[in-house]
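J.: What follows is input22.tsv; its format and atoms are TSV, C-alpha atoms and all ligand atoms.
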chain	number	residue	atom	x	y	z
A	1	MET	CA	-36.16	-32.42	58.24
A	2	ILE	CA	-37.58	-30.23	60.95
A	3	VAL	CA	-35.73	-28.65	63.83
A	4	PHE	CA	-37.27	-28.23	67.27
A	5	ASP	CA	-36.09	-26.23	70.23
A	6	LEU	CA	-36.04	-28.61	73.15
A	7	LEU	CA	-35.78	-28.17	76.89
A	8	CYS	CA	-34.78	-30.81	79.40
A	9	GLY	CA	-36.03	-31.09	82.98
A	10	ALA	CA	-32.86	-29.37	84.21
A	11	GLY	CA	-33.40	-26.41	81.95
A	12	HIS	CA	-30.88	-27.15	79.21
A	13	ARG	CA	-31.93	-25.95	75.82
A	14	PHE	CA	-30.87	-27.77	72.71
A	15	GLU	CA	-32.00	-28.41	69.19
A	16	GLY	CA	-33.26	-31.68	67.82
A	17	TRP	CA	-33.67	-32.65	64.21
A	18	TYR	CA	-36.54	-34.89	63.20
A	19	ASN	CA	-38.14	-36.15	60.06
A	20	SER	CA	-41.46	-34.70	61.12
A	21	ALA	CA	-43.45	-33.54	64.11
A	22	ALA	CA	-44.87	-37.05	64.34
A	23	ASP	CA	-41.36	-38.50	64.40
A	24	PHE	CA	-40.52	-36.22	67.32
A	25	ALA	CA	-43.74	-37.11	69.17
A	26	SER	CA	-43.06	-40.80	68.70
A	27	GLN	CA	-39.51	-40.52	70.03
A	28	GLN	CA	-40.74	-38.45	72.94
A	29	GLU	CA	-43.44	-41.00	73.71
A	30	ARG	CA	-40.94	-43.84	73.67
A	31	ARG	CA	-38.60	-41.76	75.84
A	32	LEU	CA	-35.86	-41.92	73.27
A	33	LEU	CA	-35.03	-38.28	73.79
A	34	ASN	CA	-32.23	-37.31	76.11
A	35	CYS	CA	-30.60	-34.03	76.97
A	36	PRO	CA	-27.12	-33.96	75.42
A	37	SER	CA	-25.82	-31.99	78.43
A	38	CYS	CA	-27.13	-34.02	81.36
A	39	GLY	CA	-28.85	-37.03	79.84
A	40	ASP	CA	-32.20	-36.03	81.32
A	41	GLY	CA	-35.10	-37.79	79.63
A	42	GLN	CA	-37.74	-35.21	80.47
A	43	VAL	CA	-37.40	-33.49	77.15
A	44	ARG	CA	-40.10	-31.25	75.86
A	45	ARG	CA	-40.53	-29.02	72.92
A	46	VAL	CA	-40.53	-25.28	73.48
A	47	PRO	CA	-41.49	-22.56	71.08
A	48	SER	CA	-38.46	-20.77	69.64
A	49	ALA	CA	-39.96	-17.45	70.69
A	50	THR	CA	-39.37	-18.23	74.37
A	51	ARG	CA	-35.61	-18.31	73.82
A	52	ALA	CA	-35.18	-14.76	75.09
A	53	ASN	CA	-37.18	-15.50	78.25
A	54	LEU	CA	-34.95	-18.33	79.34
A	55	GLY	CA	-31.81	-16.36	79.78
A	56	ALA	CA	-30.22	-17.70	76.63
A	57	GLU	CA	-28.85	-15.57	73.85
A	58	PRO	CA	-31.75	-13.88	72.13
A	59	PRO	CA	-31.87	-14.67	68.45
A	60	LYS	CA	-30.21	-11.98	66.41
A	61	PRO	CA	-32.73	-10.08	64.35
A	62	ALA	CA	-32.23	-10.74	60.66
A	63	PRO	CA	-30.39	-7.80	59.16
A	64	LYS	CA	-32.69	-5.66	57.14
A	65	ARG	CA	-31.86	-6.28	53.55
A	66	VAL	CA	-32.31	-3.72	50.86
A	67	PRO	CA	-32.15	-5.39	47.47
A	68	GLY	CA	-28.82	-4.62	45.83
A	69	LYS	CA	-27.57	-2.73	48.83
A	70	THR	CA	-23.86	-3.17	49.46
A	71	PRO	CA	-21.61	-2.15	52.37
A	72	ASP	CA	-20.26	0.89	50.52
A	73	MET	CA	-23.79	2.30	50.69
A	74	GLU	CA	-23.86	2.23	54.48
A	75	GLY	CA	-24.43	5.60	56.00
A	76	LYS	CA	-25.36	7.24	52.73
A	77	ASP	CA	-28.63	9.05	52.48
A	78	PRO	CA	-31.47	7.28	50.67
A	79	PHE	CA	-31.28	9.61	47.71
A	80	ALA	CA	-27.60	8.81	47.17
A	81	ILE	CA	-28.33	5.10	47.52
A	82	ALA	CA	-31.13	5.32	44.99
A	83	GLN	CA	-28.75	7.01	42.60
A	84	MET	CA	-26.12	4.33	43.13
A	85	LEU	CA	-28.64	1.57	42.57
A	86	TYR	CA	-29.91	3.28	39.47
A	87	SER	CA	-26.37	3.73	38.22
A	88	ARG	CA	-25.62	0.06	38.79
A	89	MET	CA	-28.80	-1.01	37.07
A	90	LEU	CA	-27.84	1.11	34.10
A	91	ASP	CA	-24.36	-0.38	34.08
A	92	GLU	CA	-25.90	-3.83	34.04
A	93	LEU	CA	-28.27	-2.81	31.31
A	94	LEU	CA	-25.45	-1.38	29.25
A	95	THR	CA	-23.27	-4.44	29.80
A	96	ASN	CA	-25.92	-7.02	29.01
A	97	THR	CA	-27.59	-5.48	26.01
A	98	GLU	CA	-26.53	-5.06	22.43
A	99	ASP	CA	-26.36	-1.47	21.29
A	100	VAL	CA	-28.24	-1.20	18.02
A	101	GLY	CA	-28.25	2.59	18.07
A	102	ARG	CA	-30.75	4.29	15.81
A	103	ASP	CA	-31.91	0.91	14.44
A	104	PHE	CA	-33.62	0.29	17.76
A	105	PRO	CA	-37.25	0.58	16.56
A	106	THR	CA	-36.57	-1.74	13.59
A	107	LYS	CA	-34.61	-4.28	15.64
A	108	ALA	CA	-37.17	-4.22	18.44
A	109	ARG	CA	-39.89	-5.04	15.90
A	110	ASP	CA	-37.78	-7.77	14.27
A	111	ILE	CA	-37.27	-9.43	17.62
A	112	PHE	CA	-40.88	-8.96	18.72
A	113	TYR	CA	-42.23	-10.43	15.49
A	114	GLU	CA	-39.58	-13.16	15.63
A	115	ARG	CA	-37.90	-12.08	12.43
A	116	ALA	CA	-34.66	-11.93	14.38
A	117	PRO	CA	-33.28	-14.01	17.27
A	118	GLY	CA	-34.47	-12.75	20.64
A	119	ARG	CA	-31.86	-10.84	22.60
A	120	PRO	CA	-31.76	-7.84	24.88
A	121	ILE	CA	-31.05	-4.72	22.89
A	122	ARG	CA	-30.79	-1.04	23.57
A	123	GLY	CA	-30.67	1.96	21.34
A	124	GLN	CA	-32.30	5.22	20.58
A	125	ALA	CA	-35.84	5.98	19.56
A	126	THR	CA	-37.63	9.24	19.15
A	127	ASP	CA	-40.69	9.95	21.27
A	128	GLU	CA	-42.83	9.12	18.27
A	129	GLU	CA	-41.02	5.85	17.52
A	130	HIS	CA	-41.17	4.88	21.16
A	131	GLN	CA	-44.92	5.53	21.26
A	132	GLU	CA	-45.42	3.44	18.11
A	133	LEU	CA	-43.59	0.53	19.68
A	134	VAL	CA	-45.69	0.85	22.82
A	135	ASP	CA	-48.88	1.04	20.73
A	136	GLU	CA	-47.89	-2.16	18.95
A	137	GLY	CA	-47.57	-3.87	22.31
A	138	ILE	CA	-43.81	-4.29	22.05
A	139	PRO	CA	-42.24	-4.30	25.51
A	140	VAL	CA	-39.84	-1.37	25.59
A	141	ALA	CA	-38.64	0.76	28.45
A	142	ARG	CA	-37.09	4.18	28.39
A	143	PHE	CA	-34.12	5.05	30.52
A	144	PRO	CA	-32.79	8.53	30.70
A	145	LEU	CA	-29.00	8.18	30.63
A	146	PRO	CA	-27.58	10.45	33.28
A	147	PRO	CA	-24.03	11.77	33.04
A	148	LYS	CA	-21.57	9.42	34.71
A	149	GLU	CA	-20.23	12.13	36.99
A	150	GLY	CA	-21.57	12.29	40.49
A	151	LEU	CA	-23.21	8.88	40.42
A	152	ASN	CA	-20.53	6.97	42.23
A	201	ZN	ZN	-30.13	-31.22	80.57
Could the structure of this file be written out as C-alpha cells, please?
Ligand SMILES: [Zn+2]

T.:
Amino acid sequence: MIVFDLLCGAGHRFEGWYNSAADFASQQERRLLNCPSCGDGQVRRVPSATRANLGAEPPKPAPKRVPGKTPDMEGKDPFAIAQMLYSRMLDELLTNTEDVGRDFPTKARDIFYERAPGRPIRGQATDEEHQELVDEGIPVARFPLPPKEGLN
C-alpha cells in the first residue's frame, strides 16, 4: 500500500491509500476520487512537503533518538549519559554472560575451537592471556569494570 496526500478543488487535504502509484493514477483518470469533506472530484496529489504551506498542521519533526536513551537521561550532560549507557551495557553483559572467572582463556578457546557449546562468557584474563587470545583470532573484548558507585 502507498499513501498519498491529496488536495481537492476546494482546498481540503486528505490522505488516500492505494495499491500503487498506477492504481492512484487510474482512479484519478476515471474520476473515482472524491474529497471526503465536500465530495469534490477535482482531486490531485500534492507532495507531503507542502503541508506546512497550506495552513495545515506542520508535521511534527521526528524526535531525535539516541540509541538506548531513556527519559531519566533527559537534561543530563552527555558525559553522564555516556556513563549511564555504559553502566547499562555492562549490566546487560553481566546478566547475559556466564562467569567463568579465571578459566576465561581456556573456556574462550574451547568455545572458539568448538570443543564446548557456544555461549557468551565473561571472566578474567591477564594482559598476556588476552593478547594470546587476540593473536589466535578469538573474538574477545576487554571491559574495565568500574565501581558501581556514581554510575546511576
Ligand atoms: Zn473538499

J.: Could you tell me, counting only C-alpha atoms and all ligand atoms, which protein and nucleic acid residues lie no more than 9 Å from ligand ZN 201 (chain A), written as a list in words?

T.: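 If we count only C-alpha atoms and all ligand atoms, the neighbours of ligand ZN 201 (chain A) turn out to be Leu7, Cys8, Gly9, Ala10, Gly11, His12, Arg13, Phe14, Asn34, Cys35, Pro36, Ser37, Cys38, Gly39, Asp40, Gly41, Gln42 and Val43 of chain A.
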
J.: Which residue is closest to Gln124 (chain A)? Choose from A:Glu136, A:Glu29, A:Phe143, A:Ile111 and count only C-alpha atoms.

T.: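 Nearest candidate to Gln124 (chain A) out of A:Glu136, A:Glu29, A:Phe143, A:Ile111: A:Phe143.
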
J.: How far is it from CA of Gly101 (chain A) to CA of Ala125 (chain A), in Å with one decimal?

T.: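 A separation of 8.4 Å between them.
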
J.: Give me, please, the distance in Å between CA of Val140 (chain A) and CA of Ile81 (chain A), quoted to one decimal.

T.: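 Going from CA of Val140 (chain A) over to CA of Ile81 (chain A), I get 25.6 Å.
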
J.: Rounded to one decimal place, report the CA of Asp127 (chain A)-CA of Arg88 (chain A) distance in Å.

T.: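 Distance reported for this atom pair: 25.1 Å.
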
J.: Could you give me the centre and size, in Å to one decimal, of an axis-aligned box around all listed atoms of region 97-110 of chain A with 5 Å added on every side, as AutoDock Vina command-line options?

T.:
--center_x -33.1 --center_y -1.7 --center_z 19.8 --size_x 23.5 --size_y 22.1 --size_z 22.4
